[in-house]
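Chemist: So here's start_38.tsv (TSV, C-alpha atoms).
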```
chain	number	residue	atom	x	y	z
A	1	MET	CA	92.75	147.57	109.96
A	2	ALA	CA	94.70	144.35	109.54
A	3	GLN	CA	98.46	144.64	109.48
A	4	PRO	CA	100.21	143.32	106.36
A	5	VAL	CA	102.09	140.06	106.76
A	6	TRP	CA	105.59	140.17	105.33
A	7	ASP	CA	107.22	136.95	104.20
A	8	HIS	CA	110.78	136.74	105.50
A	9	PRO	CA	112.04	133.22	104.82
A	10	GLU	CA	114.35	131.86	107.47
A	11	PRO	CA	117.97	131.33	106.50
A	12	LEU	CA	118.93	127.73	105.83
A	13	ALA	CA	119.78	125.95	109.07
A	14	VAL	CA	123.44	124.94	109.28
A	15	SER	CA	122.29	121.54	110.56
A	16	SER	CA	120.31	120.93	107.35
A	17	ALA	CA	123.42	120.67	105.18
A	18	PRO	CA	124.09	117.07	104.03
A	19	VAL	CA	127.43	116.45	105.74
A	20	PRO	CA	129.83	114.02	103.98
A	21	GLU	CA	130.02	110.44	105.28
A	22	TYR	CA	133.37	110.82	107.03
A	23	GLY	CA	134.51	107.60	108.65
A	24	SER	CA	132.37	105.21	106.62
A	25	GLY	CA	131.79	106.40	103.06
A	26	SER	CA	133.97	109.37	102.09
A	27	LEU	CA	137.00	109.65	99.82
A	28	ALA	CA	139.20	109.85	102.91
A	29	ASP	CA	138.12	106.33	103.84
A	30	LEU	CA	139.11	104.63	100.57
A	31	LEU	CA	142.87	104.14	100.75
A	32	PRO	CA	142.91	103.22	104.46
A	33	THR	CA	140.37	100.49	103.67
A	34	LEU	CA	142.47	99.14	100.78
A	35	ALA	CA	145.69	99.39	102.81
A	36	ALA	CA	144.09	97.56	105.73
A	37	GLY	CA	143.25	94.72	103.36
A	38	LEU	CA	146.91	94.64	102.36
A	39	GLY	CA	148.01	94.34	105.97
A	40	VAL	CA	149.49	97.83	106.35
A	41	PRO	CA	149.90	98.56	110.09
A	42	GLY	CA	147.70	101.27	111.54
A	43	MET	CA	145.15	101.19	108.73
A	44	ALA	CA	141.49	100.37	109.37
A	45	ALA	CA	138.83	99.17	106.93
A	46	ALA	CA	136.53	102.18	107.15
A	47	ILE	CA	134.32	101.27	104.15
A	48	PRO	CA	132.85	97.95	105.29
A	49	GLU	CA	131.39	97.05	101.90
A	50	LEU	CA	134.77	96.53	100.24
A	51	THR	CA	136.39	93.09	99.99
A	52	PRO	CA	140.21	92.97	100.23
A	53	ALA	CA	142.33	92.25	97.17
A	54	ASP	CA	146.06	91.60	96.81
A	55	ARG	CA	146.46	94.22	94.10
A	56	ASN	CA	144.50	97.47	94.22
A	57	CYS	CA	144.33	100.24	91.63
A	58	VAL	CA	142.52	103.54	92.18
A	59	PHE	CA	141.76	105.45	88.97
A	60	LEU	CA	140.66	108.97	89.92
A	61	ILE	CA	138.97	110.91	87.13
A	62	ASP	CA	138.82	114.59	87.95
A	63	GLY	CA	135.24	115.89	87.83
A	64	LEU	CA	133.46	112.57	87.17
A	65	GLY	CA	130.47	112.88	89.48
A	66	TRP	CA	128.02	110.10	90.25
A	67	GLU	CA	125.06	112.03	88.86
A	68	GLN	CA	126.92	112.79	85.64
A	69	ILE	CA	127.56	109.10	84.98
A	70	LYS	CA	123.90	108.29	85.64
A	71	ALA	CA	122.78	111.01	83.24
A	72	HIS	CA	124.99	109.89	80.32
A	73	PRO	CA	124.50	106.17	79.57
A	74	ASP	CA	125.10	106.67	75.84
A	75	GLU	CA	128.40	108.52	76.22
A	76	ALA	CA	129.69	106.27	79.01
A	77	PRO	CA	128.22	102.80	78.45
A	78	TYR	CA	131.04	100.95	80.23
A	79	LEU	CA	130.98	103.20	83.31
A	80	HIS	CA	127.18	103.20	83.37
A	81	ALA	CA	127.13	99.40	83.33
A	82	LEU	CA	129.39	99.42	86.40
A	83	LEU	CA	127.11	101.62	88.52
A	84	GLY	CA	125.74	98.60	90.36
A	85	SER	CA	129.27	97.62	91.39
A	86	SER	CA	129.84	100.90	93.21
A	87	ARG	CA	130.84	100.75	96.86
A	88	GLY	CA	131.26	97.03	97.09
A	89	GLY	CA	128.21	96.11	95.03
A	90	THR	CA	125.74	98.22	96.99
A	91	GLY	CA	125.21	100.53	94.01
A	92	ARG	CA	125.81	103.54	96.22
A	93	PRO	CA	128.24	106.46	95.78
A	94	LEU	CA	130.85	107.86	98.12
A	95	THR	CA	130.88	111.45	99.33
A	96	ALA	CA	133.81	113.64	98.36
A	97	GLY	CA	134.15	115.70	101.53
A	98	TYR	CA	133.78	119.43	102.05
A	99	PRO	CA	134.58	121.38	100.06
A	100	ALA	CA	134.16	119.19	96.98
A	101	THR	CA	137.22	120.55	95.22
A	102	THR	CA	140.38	119.03	93.77
A	103	ALA	CA	143.10	120.04	96.25
A	104	THR	CA	140.96	119.09	99.23
A	105	SER	CA	139.81	115.79	97.74
A	106	LEU	CA	143.24	114.67	96.53
A	107	ALA	CA	144.64	115.34	100.00
A	108	SER	CA	141.78	113.36	101.54
A	109	VAL	CA	142.41	110.45	99.16
A	110	GLY	CA	146.17	110.34	99.64
A	111	THR	CA	146.38	110.90	103.39
A	112	GLY	CA	143.23	109.01	104.33
A	113	LEU	CA	142.27	111.98	106.50
A	114	PRO	CA	139.36	114.45	106.33
A	115	PRO	CA	140.06	118.11	105.54
A	116	GLY	CA	140.04	119.23	109.16
A	117	ALA	CA	143.07	117.01	109.78
A	118	HIS	CA	145.11	117.20	106.56
A	119	GLY	CA	144.59	120.94	106.42
A	120	LEU	CA	143.78	121.66	102.78
A	121	PRO	CA	140.22	122.85	103.44
A	122	GLY	CA	139.51	124.80	100.27
A	123	TYR	CA	140.66	126.14	96.93
A	124	THR	CA	142.11	129.27	98.55
A	125	VAL	CA	142.41	129.69	102.32
A	126	ARG	CA	144.19	132.05	104.67
A	127	ASN	CA	147.71	131.21	105.79
A	128	PRO	CA	147.59	132.21	109.47
A	129	ALA	CA	151.37	132.70	109.51
A	130	THR	CA	151.34	135.38	106.81
A	131	GLY	CA	147.74	136.59	106.65
A	132	GLU	CA	147.73	135.96	102.88
A	133	LEU	CA	145.40	133.82	100.84
A	134	MET	CA	147.05	130.57	99.75
A	135	ASN	CA	145.98	128.74	96.61
A	136	GLN	CA	146.33	125.10	97.63
A	137	LEU	CA	145.96	123.72	94.11
A	138	ARG	CA	148.77	125.83	92.63
A	139	TRP	CA	150.61	126.22	95.99
A	140	GLN	CA	150.89	130.00	95.67
A	141	PRO	CA	152.35	131.76	97.57
A	142	TRP	CA	154.74	128.92	98.34
A	143	SER	CA	154.66	127.53	101.87
A	144	PRO	CA	156.77	124.66	103.29
A	145	PRO	CA	154.76	121.56	102.28
A	146	GLY	CA	155.73	119.44	105.28
A	147	ALA	CA	154.59	122.07	107.74
A	148	TRP	CA	151.34	122.71	105.87
A	149	GLN	CA	150.44	118.97	105.76
A	150	PRO	CA	152.61	116.97	108.19
A	151	TYR	CA	150.90	113.57	108.10
A	152	PRO	CA	152.32	110.63	106.11
A	153	THR	CA	150.43	109.53	103.04
A	154	VAL	CA	148.89	106.08	102.79
A	155	PHE	CA	151.33	105.36	99.94
A	156	GLN	CA	154.28	106.11	102.23
A	157	LEU	CA	152.89	103.82	104.92
A	158	ALA	CA	152.17	101.07	102.38
A	159	ASP	CA	155.66	101.34	100.88
A	160	LYS	CA	157.18	101.10	104.36
A	161	ALA	CA	155.13	97.95	104.96
A	162	GLY	CA	156.51	96.27	101.85
A	163	VAL	CA	153.57	96.93	99.53
A	164	HIS	CA	154.45	97.91	95.94
A	165	ALA	CA	153.17	101.50	95.84
A	166	ALA	CA	153.11	103.59	92.66
A	167	GLN	CA	151.49	106.63	91.09
A	168	VAL	CA	150.97	106.94	87.32
A	169	SER	CA	150.06	110.45	86.21
A	170	SER	CA	151.10	113.38	84.06
A	171	PRO	CA	154.82	114.18	84.34
A	172	ALA	CA	153.82	117.76	85.21
A	173	PHE	CA	152.58	116.61	88.61
A	174	GLN	CA	155.68	114.69	89.70
A	175	ASN	CA	157.34	117.38	91.79
A	176	THR	CA	154.47	119.64	92.77
A	177	PRO	CA	153.94	120.46	96.46
A	178	LEU	CA	150.39	119.08	96.25
A	179	THR	CA	151.70	115.73	95.03
A	180	LYS	CA	154.33	115.76	97.77
A	181	VAL	CA	151.86	116.32	100.62
A	182	ALA	CA	148.99	114.23	99.25
A	183	LEU	CA	150.18	111.44	96.96
A	184	SER	CA	153.88	110.74	97.45
A	185	GLY	CA	155.27	107.35	98.47
A	186	GLY	CA	156.66	104.48	96.43
A	187	THR	CA	157.48	105.38	92.84
A	188	PHE	CA	156.06	108.06	90.50
A	189	HIS	CA	155.73	107.28	86.78
A	190	GLY	CA	154.98	110.15	84.43
A	191	ARG	CA	153.15	109.37	81.19
A	192	LEU	CA	151.58	111.88	78.84
A	193	THR	CA	148.65	110.06	77.25
A	194	GLY	CA	145.73	108.38	78.93
A	195	GLU	CA	146.41	105.13	77.09
A	196	GLU	CA	150.03	105.07	78.31
A	197	ARG	CA	148.85	105.60	81.88
A	198	MET	CA	146.35	102.75	81.69
A	199	ASP	CA	148.93	100.35	80.29
A	200	LEU	CA	151.57	101.29	82.84
A	201	ALA	CA	149.09	101.17	85.74
A	202	ALA	CA	148.33	97.58	84.82
A	203	GLU	CA	152.06	96.80	84.67
A	204	GLN	CA	152.61	98.37	88.08
A	205	LEU	CA	149.77	96.35	89.56
A	206	ALA	CA	151.47	93.17	88.39
A	207	ALA	CA	154.88	94.28	89.72
A	208	GLY	CA	154.15	93.19	93.29
A	209	ASP	CA	152.35	90.39	95.09
A	210	ARG	CA	150.76	93.19	97.10
A	211	SER	CA	150.24	96.40	95.14
A	212	LEU	CA	148.65	99.82	95.65
A	213	VAL	CA	148.58	101.85	92.42
A	214	TYR	CA	147.03	105.26	91.75
A	215	THR	CA	146.39	106.83	88.35
A	216	TYR	CA	144.70	110.07	87.38
A	217	TYR	CA	143.06	111.89	84.47
A	218	ALA	CA	142.32	115.65	84.61
A	219	GLU	CA	140.94	116.76	81.25
A	220	LEU	CA	137.28	115.93	81.88
A	221	ASP	CA	137.25	118.51	84.67
A	222	GLY	CA	138.92	121.11	82.47
A	223	ALA	CA	136.31	120.63	79.75
A	224	GLY	CA	133.52	121.01	82.30
A	225	HIS	CA	134.92	124.23	83.73
A	226	ARG	CA	135.50	125.81	80.35
A	227	TYR	CA	132.52	124.60	78.34
A	228	GLY	CA	130.08	123.07	80.84
A	229	ILE	CA	128.84	119.53	81.31
A	230	ALA	CA	126.11	120.12	78.71
A	231	SER	CA	128.73	120.73	76.00
A	232	ASP	CA	129.84	118.46	73.19
A	233	THR	CA	133.44	118.92	74.37
A	234	TRP	CA	132.65	117.58	77.83
A	235	ARG	CA	130.65	114.67	76.41
A	236	GLY	CA	133.55	113.84	74.11
A	237	GLN	CA	135.89	113.74	77.10
A	238	LEU	CA	133.45	111.46	78.92
A	239	MET	CA	133.45	109.06	75.96
A	240	TYR	CA	137.24	109.01	76.02
A	241	VAL	CA	137.32	108.38	79.79
A	242	ASP	CA	134.89	105.50	79.32
A	243	ARG	CA	137.30	103.86	76.87
A	244	LEU	CA	140.26	104.42	79.21
A	245	VAL	CA	138.53	102.65	82.08
A	246	GLN	CA	137.65	99.69	79.87
A	247	ARG	CA	141.24	99.56	78.57
A	248	LEU	CA	142.63	99.34	82.11
A	249	ALA	CA	139.98	96.87	83.28
A	250	GLU	CA	140.78	94.48	80.44
A	251	GLN	CA	144.47	94.40	81.45
A	252	LEU	CA	144.11	93.70	85.18
A	253	PRO	CA	146.53	91.05	86.42
A	254	PRO	CA	145.21	88.23	88.61
A	255	ARG	CA	143.94	88.99	92.13
A	256	SER	CA	143.32	92.66	91.31
A	257	ALA	CA	140.62	95.16	92.12
A	258	LEU	CA	140.18	98.36	90.09
A	259	TYR	CA	138.30	101.23	91.76
A	260	VAL	CA	137.14	104.13	89.59
A	261	THR	CA	136.34	107.25	91.56
A	262	ALA	CA	136.49	111.06	91.37
A	263	ASP	CA	137.31	114.10	93.45
A	264	HIS	CA	133.96	115.83	92.88
A	265	GLY	CA	131.07	116.20	90.47
A	266	MET	CA	130.00	119.37	88.70
A	267	LEU	CA	127.05	121.51	87.66
A	268	ASP	CA	126.60	124.30	85.14
A	269	VAL	CA	125.58	127.71	86.48
A	270	PRO	CA	123.79	130.21	84.21
A	271	PHE	CA	125.40	133.55	83.40
A	272	ASP	CA	122.97	136.03	84.92
A	273	GLU	CA	122.76	138.18	88.05
A	274	GLN	CA	120.33	135.81	89.76
A	275	HIS	CA	122.76	132.89	89.57
A	276	ARG	CA	126.09	134.74	89.76
A	277	ILE	CA	126.34	137.19	92.65
A	278	ASP	CA	129.40	139.41	92.20
A	279	PHE	CA	131.22	140.05	95.47
A	280	ASP	CA	133.29	142.79	93.85
A	281	GLU	CA	130.12	144.74	93.04
A	282	ASP	CA	128.12	144.04	96.21
A	283	TRP	CA	128.90	146.54	98.97
A	284	GLU	CA	126.82	144.62	101.54
A	285	LEU	CA	128.81	141.40	101.13
A	286	ARG	CA	132.12	143.29	101.07
A	287	ALA	CA	131.46	145.22	104.29
A	288	GLY	CA	133.85	144.15	107.05
A	289	VAL	CA	135.60	141.54	104.87
A	290	ALA	CA	139.41	141.52	104.94
A	291	LEU	CA	140.07	138.43	102.77
A	292	PHE	CA	137.81	136.59	100.35
A	293	GLY	CA	138.72	132.93	99.82
A	294	GLY	CA	137.41	129.57	98.69
A	295	GLU	CA	135.55	129.39	95.38
A	296	GLY	CA	132.15	130.29	93.98
A	297	ARG	CA	130.14	127.55	95.67
A	298	ALA	CA	132.27	127.13	98.82
A	299	ARG	CA	133.46	130.43	100.23
A	300	HIS	CA	135.82	131.16	103.12
A	301	VAL	CA	135.24	134.74	104.30
A	302	TYR	CA	137.76	136.37	106.64
A	303	ALA	CA	136.46	139.36	108.56
A	304	VAL	CA	138.21	142.47	109.77
A	305	GLN	CA	139.02	141.93	113.44
A	306	GLY	CA	135.92	142.67	115.51
A	307	ALA	CA	133.52	142.48	112.53
A	308	GLU	CA	133.01	138.70	112.53
A	309	ASP	CA	129.46	138.75	113.91
A	310	ASP	CA	128.38	141.57	111.63
A	311	VAL	CA	129.72	139.80	108.54
A	312	LEU	CA	127.97	136.57	109.53
A	313	THR	CA	124.68	138.40	110.07
A	314	CYS	CA	124.92	140.22	106.76
A	315	TRP	CA	125.83	137.14	104.76
A	316	ARG	CA	122.94	135.23	106.30
A	317	GLU	CA	120.50	138.02	105.49
A	318	VAL	CA	121.68	138.40	101.89
A	319	LEU	CA	122.36	134.75	101.00
A	320	GLY	CA	120.73	132.57	103.64
A	321	GLU	CA	117.95	131.24	101.40
A	322	GLN	CA	120.43	129.96	98.80
A	323	PHE	CA	123.53	129.14	100.86
A	324	TRP	CA	124.21	127.39	104.12
A	325	VAL	CA	126.02	130.21	105.95
A	326	ALA	CA	127.90	129.23	109.09
A	327	SER	CA	130.44	130.68	111.45
A	328	ARG	CA	133.72	128.80	111.66
A	329	ASP	CA	132.73	127.16	114.94
A	330	GLU	CA	129.26	126.25	113.64
A	331	ALA	CA	130.72	124.56	110.55
A	332	ILE	CA	133.21	122.66	112.69
A	333	ALA	CA	130.51	121.57	115.15
A	334	ALA	CA	128.31	120.42	112.28
A	335	GLY	CA	131.15	118.22	110.99
A	336	TRP	CA	131.61	119.90	107.62
A	337	PHE	CA	135.38	119.32	107.68
A	338	GLY	CA	135.35	115.99	109.52
A	339	PRO	CA	134.96	114.85	113.12
A	340	GLN	CA	137.67	117.25	114.32
A	341	VAL	CA	139.79	120.16	113.14
A	342	ASP	CA	143.47	120.30	114.04
A	343	GLU	CA	144.69	123.40	115.82
A	344	ARG	CA	147.02	124.32	112.94
A	345	VAL	CA	144.02	124.21	110.57
A	346	TYR	CA	141.53	126.17	112.67
A	347	ARG	CA	142.49	129.67	111.47
A	348	ARG	CA	142.75	128.56	107.86
A	349	LEU	CA	138.96	128.26	107.87
A	350	GLY	CA	136.89	131.35	107.21
A	351	ASP	CA	135.28	133.35	110.00
A	352	VAL	CA	132.20	132.85	107.82
A	353	ILE	CA	131.77	129.81	105.56
A	354	ALA	CA	129.16	129.79	102.80
A	355	ALA	CA	128.15	126.59	100.98
A	356	ALA	CA	125.73	126.82	98.05
A	357	ARG	CA	122.50	124.84	98.07
A	358	ASP	CA	120.97	126.31	94.91
A	359	ASP	CA	122.47	126.66	91.41
A	360	VAL	CA	124.24	129.87	92.34
A	361	LEU	CA	127.77	131.26	92.68
A	362	ILE	CA	129.44	134.08	94.54
A	363	ILE	CA	131.92	135.22	91.91
A	364	ALA	CA	134.55	137.95	92.14
A	365	SER	CA	134.83	139.42	88.65
A	366	GLU	CA	137.84	141.64	89.45
A	367	ARG	CA	139.78	139.46	91.91
A	368	GLU	CA	139.07	136.14	90.20
A	369	PRO	CA	138.36	136.84	86.50
A	370	LYS	CA	139.24	133.34	85.25
A	371	GLU	CA	137.29	131.48	87.95
A	372	SER	CA	134.34	133.84	87.53
A	373	ALA	CA	134.10	132.95	83.83
A	374	MET	CA	133.81	129.19	84.36
A	375	VAL	CA	130.66	127.47	83.09
A	376	GLY	CA	130.91	124.30	85.20
A	377	ASN	CA	131.45	124.65	88.94
A	378	HIS	CA	131.67	122.60	92.14
A	379	GLY	CA	132.60	122.84	95.80
A	380	SER	CA	129.49	122.49	97.92
A	381	MET	CA	127.46	119.63	99.42
A	382	THR	CA	124.72	119.11	96.83
A	383	PRO	CA	124.45	115.66	95.23
A	384	ALA	CA	125.66	116.91	91.82
A	385	GLU	CA	129.04	117.92	93.22
A	386	GLN	CA	129.40	115.86	96.41
A	387	LEU	CA	128.54	112.33	95.23
A	388	VAL	CA	131.32	110.40	93.49
A	389	PRO	CA	131.44	106.81	92.20
A	390	LEU	CA	133.43	103.89	93.54
A	391	LEU	CA	133.03	101.58	90.55
A	392	GLU	CA	134.71	98.20	90.90
A	393	VAL	CA	136.20	95.67	88.48
A	394	ARG	CA	137.94	92.55	89.80
A	395	SER	CA	140.06	89.90	88.12
```
Please express the file's structure as structure tokens.
Modeler:
Amino acid sequence: MAQPVWDHPEPLAVSSAPVPEYGSGSLADLLPTLAAGLGVPGMAAAIPELTPADRNCVFLIDGLGWEQIKAHPDEAPYLHALLGSSRGGTGRPLTAGYPATTATSLASVGTGLPPGAHGLPGYTVRNPATGELMNQLRWQPWSPPGAWQPYPTVFQLADKAGVHAAQVSSPAFQNTPLTKVALSGGTFHGRLTGEERMDLAAEQLAAGDRSLVYTYYAELDGAGHRYGIASDTWRGQLMYVDRLVQRLAEQLPPRSALYVTADHGMLDVPFDEQHRIDFDEDWELRAGVALFGGEGRARHVYAVQGAEDDVLTCWREVLGEQFWVASRDEAIAAGWFGPQVDERVYRRLGDVIAAARDDVLIIASEREPKESAMVGNHGSMTPAEQLVPLLEVRS
């Protein structure tokens, strides 16, 4: 009698994850490339496709993924028309870095370093000094910013080199620890409306013969999280963003380059048990776990001492067809966080790291009720969340 053949799909190989283009085409490479073109010492032009300009403005729109622009030509006609200008006219996107989340990406942009160096490698990660989870977006519990991220920002280095450096953003961000460690240097200008920020960014560009200006808009991301990128609210925000970019582009002073980019893209995840796996209700996933960090599509899992291998095995068995599940050392060796991980950052990373491939989340309905209720999500290495534009307008 023939024996039955059981189908046990192999877990996703860690090596099959599409690692960000650190060193040549990631967010961390943008400001060093622009600063090198401005003659800032120690900076190297890592993105070879970009041509230097005397005045450079980076407009970062939170949540504006490459795939979302491509999919919405009617709502974003100006941005869509600029797609061919991306990455120095190659028509190609950048990669955000892993995880594709705001705190990590803003630190990569501002420091010019990948997550393994700047040390903000997730939404929430363990603080090895206290054993607590630290939310790196809200900086809770508070930790000394300079010890958490000790490297100078590109803005600080540019300002020291005589470049006119400025940030134009919401006044609420002026004194936050995240701004301090990621985006400080030169002058900060708080403006409430998007139109005010565009107008002032153009003025700041013109204020120096060599300028490096950064401006930011957050509300598109908020609309995506709350309502989803299929919603009228999100599409309305995209239309507004499109007008803001055109407003800034039409005011560029001579010898300027405007670069429109983002910290991550986004995708909507259905509200059912197949797409939303609840850690708080899954005894298998909870077994041996001491701390549960990261976010739904990019989890850092910290095991009880001695249970690391068991947790890794279990997570691979339960999730390995939908997530890339790696040990800390496997993720580091695969380059998920950049070419190297600083010693101070090593224990911030999970013992087990899970990155979603499919349209699925690991929520925590009791521990993270607000995050678990979000429609739009991001964090992993799929094109929808990892690919970001680098649209260019020159004067």
Chemist: Around (152.6, 90.8, 94.8), as given in the file, which residues come within 10 Å? Count only C-alpha atoms and list them as a CSV table (one decimal) with C-alpha atoms, in the coordinates of the input.
Modeler:
```csv
chain,number,residue,atom,x,y,z
A,54,ASP,CA,146.1,91.6,96.8
A,55,ARG,CA,146.5,94.2,94.1
A,162,GLY,CA,156.5,96.3,101.8
A,163,VAL,CA,153.6,96.9,99.5
A,164,HIS,CA,154.4,97.9,95.9
A,205,LEU,CA,149.8,96.4,89.6
A,206,ALA,CA,151.5,93.2,88.4
A,207,ALA,CA,154.9,94.3,89.7
A,208,GLY,CA,154.2,93.2,93.3
A,209,ASP,CA,152.4,90.4,95.1
A,210,ARG,CA,150.8,93.2,97.1
A,211,SER,CA,150.2,96.4,95.1
A,212,LEU,CA,148.6,99.8,95.6
A,254,PRO,CA,145.2,88.2,88.6
A,255,ARG,CA,143.9,89.0,92.1
```
Chemist: Go ahead and compute the interatomic distance for CA of Leu349 in chain A and CA of Phe323 in chain A, in Å to one decimal.
Modeler: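 Between CA of Leu349 in chain A and CA of Phe323 in chain A the gap works out to 17.0 Å.
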Chemist: Could you list as a PDB file with C-alpha atoms, in the coordinates of the input every residue that has an atom within 6 Å of (153.6, 111.3, 102.6), using the file's coordinates and counting only C-alpha atoms?
Modeler:
```
ATOM      1  CA  PRO A 152     152.320 110.630 106.110  1.00  0.00           C
ATOM      2  CA  THR A 153     150.430 109.530 103.040  1.00  0.00           C
ATOM      3  CA  GLN A 156     154.280 106.110 102.230  1.00  0.00           C
ATOM      4  CA  VAL A 181     151.860 116.320 100.620  1.00  0.00           C
ATOM      5  CA  SER A 184     153.880 110.740  97.450  1.00  0.00           C
ATOM      6  CA  GLY A 185     155.270 107.350  98.470  1.00  0.00           C
TER       7      GLY A 185
END
```
Chemist: Using all atoms listed in the file, find each residue of range 304-394 of chain A with at least one atom at most 8 Å away from an atom of range 284-291 of chain A; report its shortest atom-to-atom pair and that distance in Å (one decimal), sort the rows by chain and rising residue number, and return the result as a Markdown table.
Modeler:
```
| residue | atom | partner | partner_atom | distance |
| --- | --- | --- | --- | --- |
| A:Val304 | CA | A:Ala290 | CA | 5.1 |
| A:Ala307 | CA | A:Gly288 | CA | 5.7 |
| A:Glu308 | CA | A:Gly288 | CA | 7.8 |
| A:Asp310 | CA | A:Gly288 | CA | 7.6 |
| A:Val311 | CA | A:Gly288 | CA | 6.2 |
| A:Cys314 | CA | A:Leu285 | CA | 6.9 |
| A:Trp315 | CA | A:Leu285 | CA | 6.3 |
| A:Val318 | CA | A:Leu285 | CA | 7.8 |
```
Chemist: Would you compute the distance between CA of His378 in chain A and CA of His264 in chain A? Give it in Å to one decimal.
Modeler: 7.2 Å
Chemist: Could you list, as a list in words, every residue within 9 Å of Asp342 in chain A, counting all atoms listed in the file and ignoring same-chain residues fewer than 5 positions away?
Modeler: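 So, after excluding close chain neighbours, the residues are Gly116, Ala117, His118 and Gly119 of chain A.
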Chemist: Just checking: using all atoms listed in the file, which residue out of A:Glu385, A:Asp62, A:Asp242, A:Glu219 ends up closest to Asp74 in chain A?
Modeler: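 Of all the options, A:Asp242 lies closest to Asp74 in chain A.
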Chemist: For CA of Pro52 in chain A and CA of Leu27 in chain A, quote the distance in Å rounded to one decimal.
Modeler: 17.0 Å
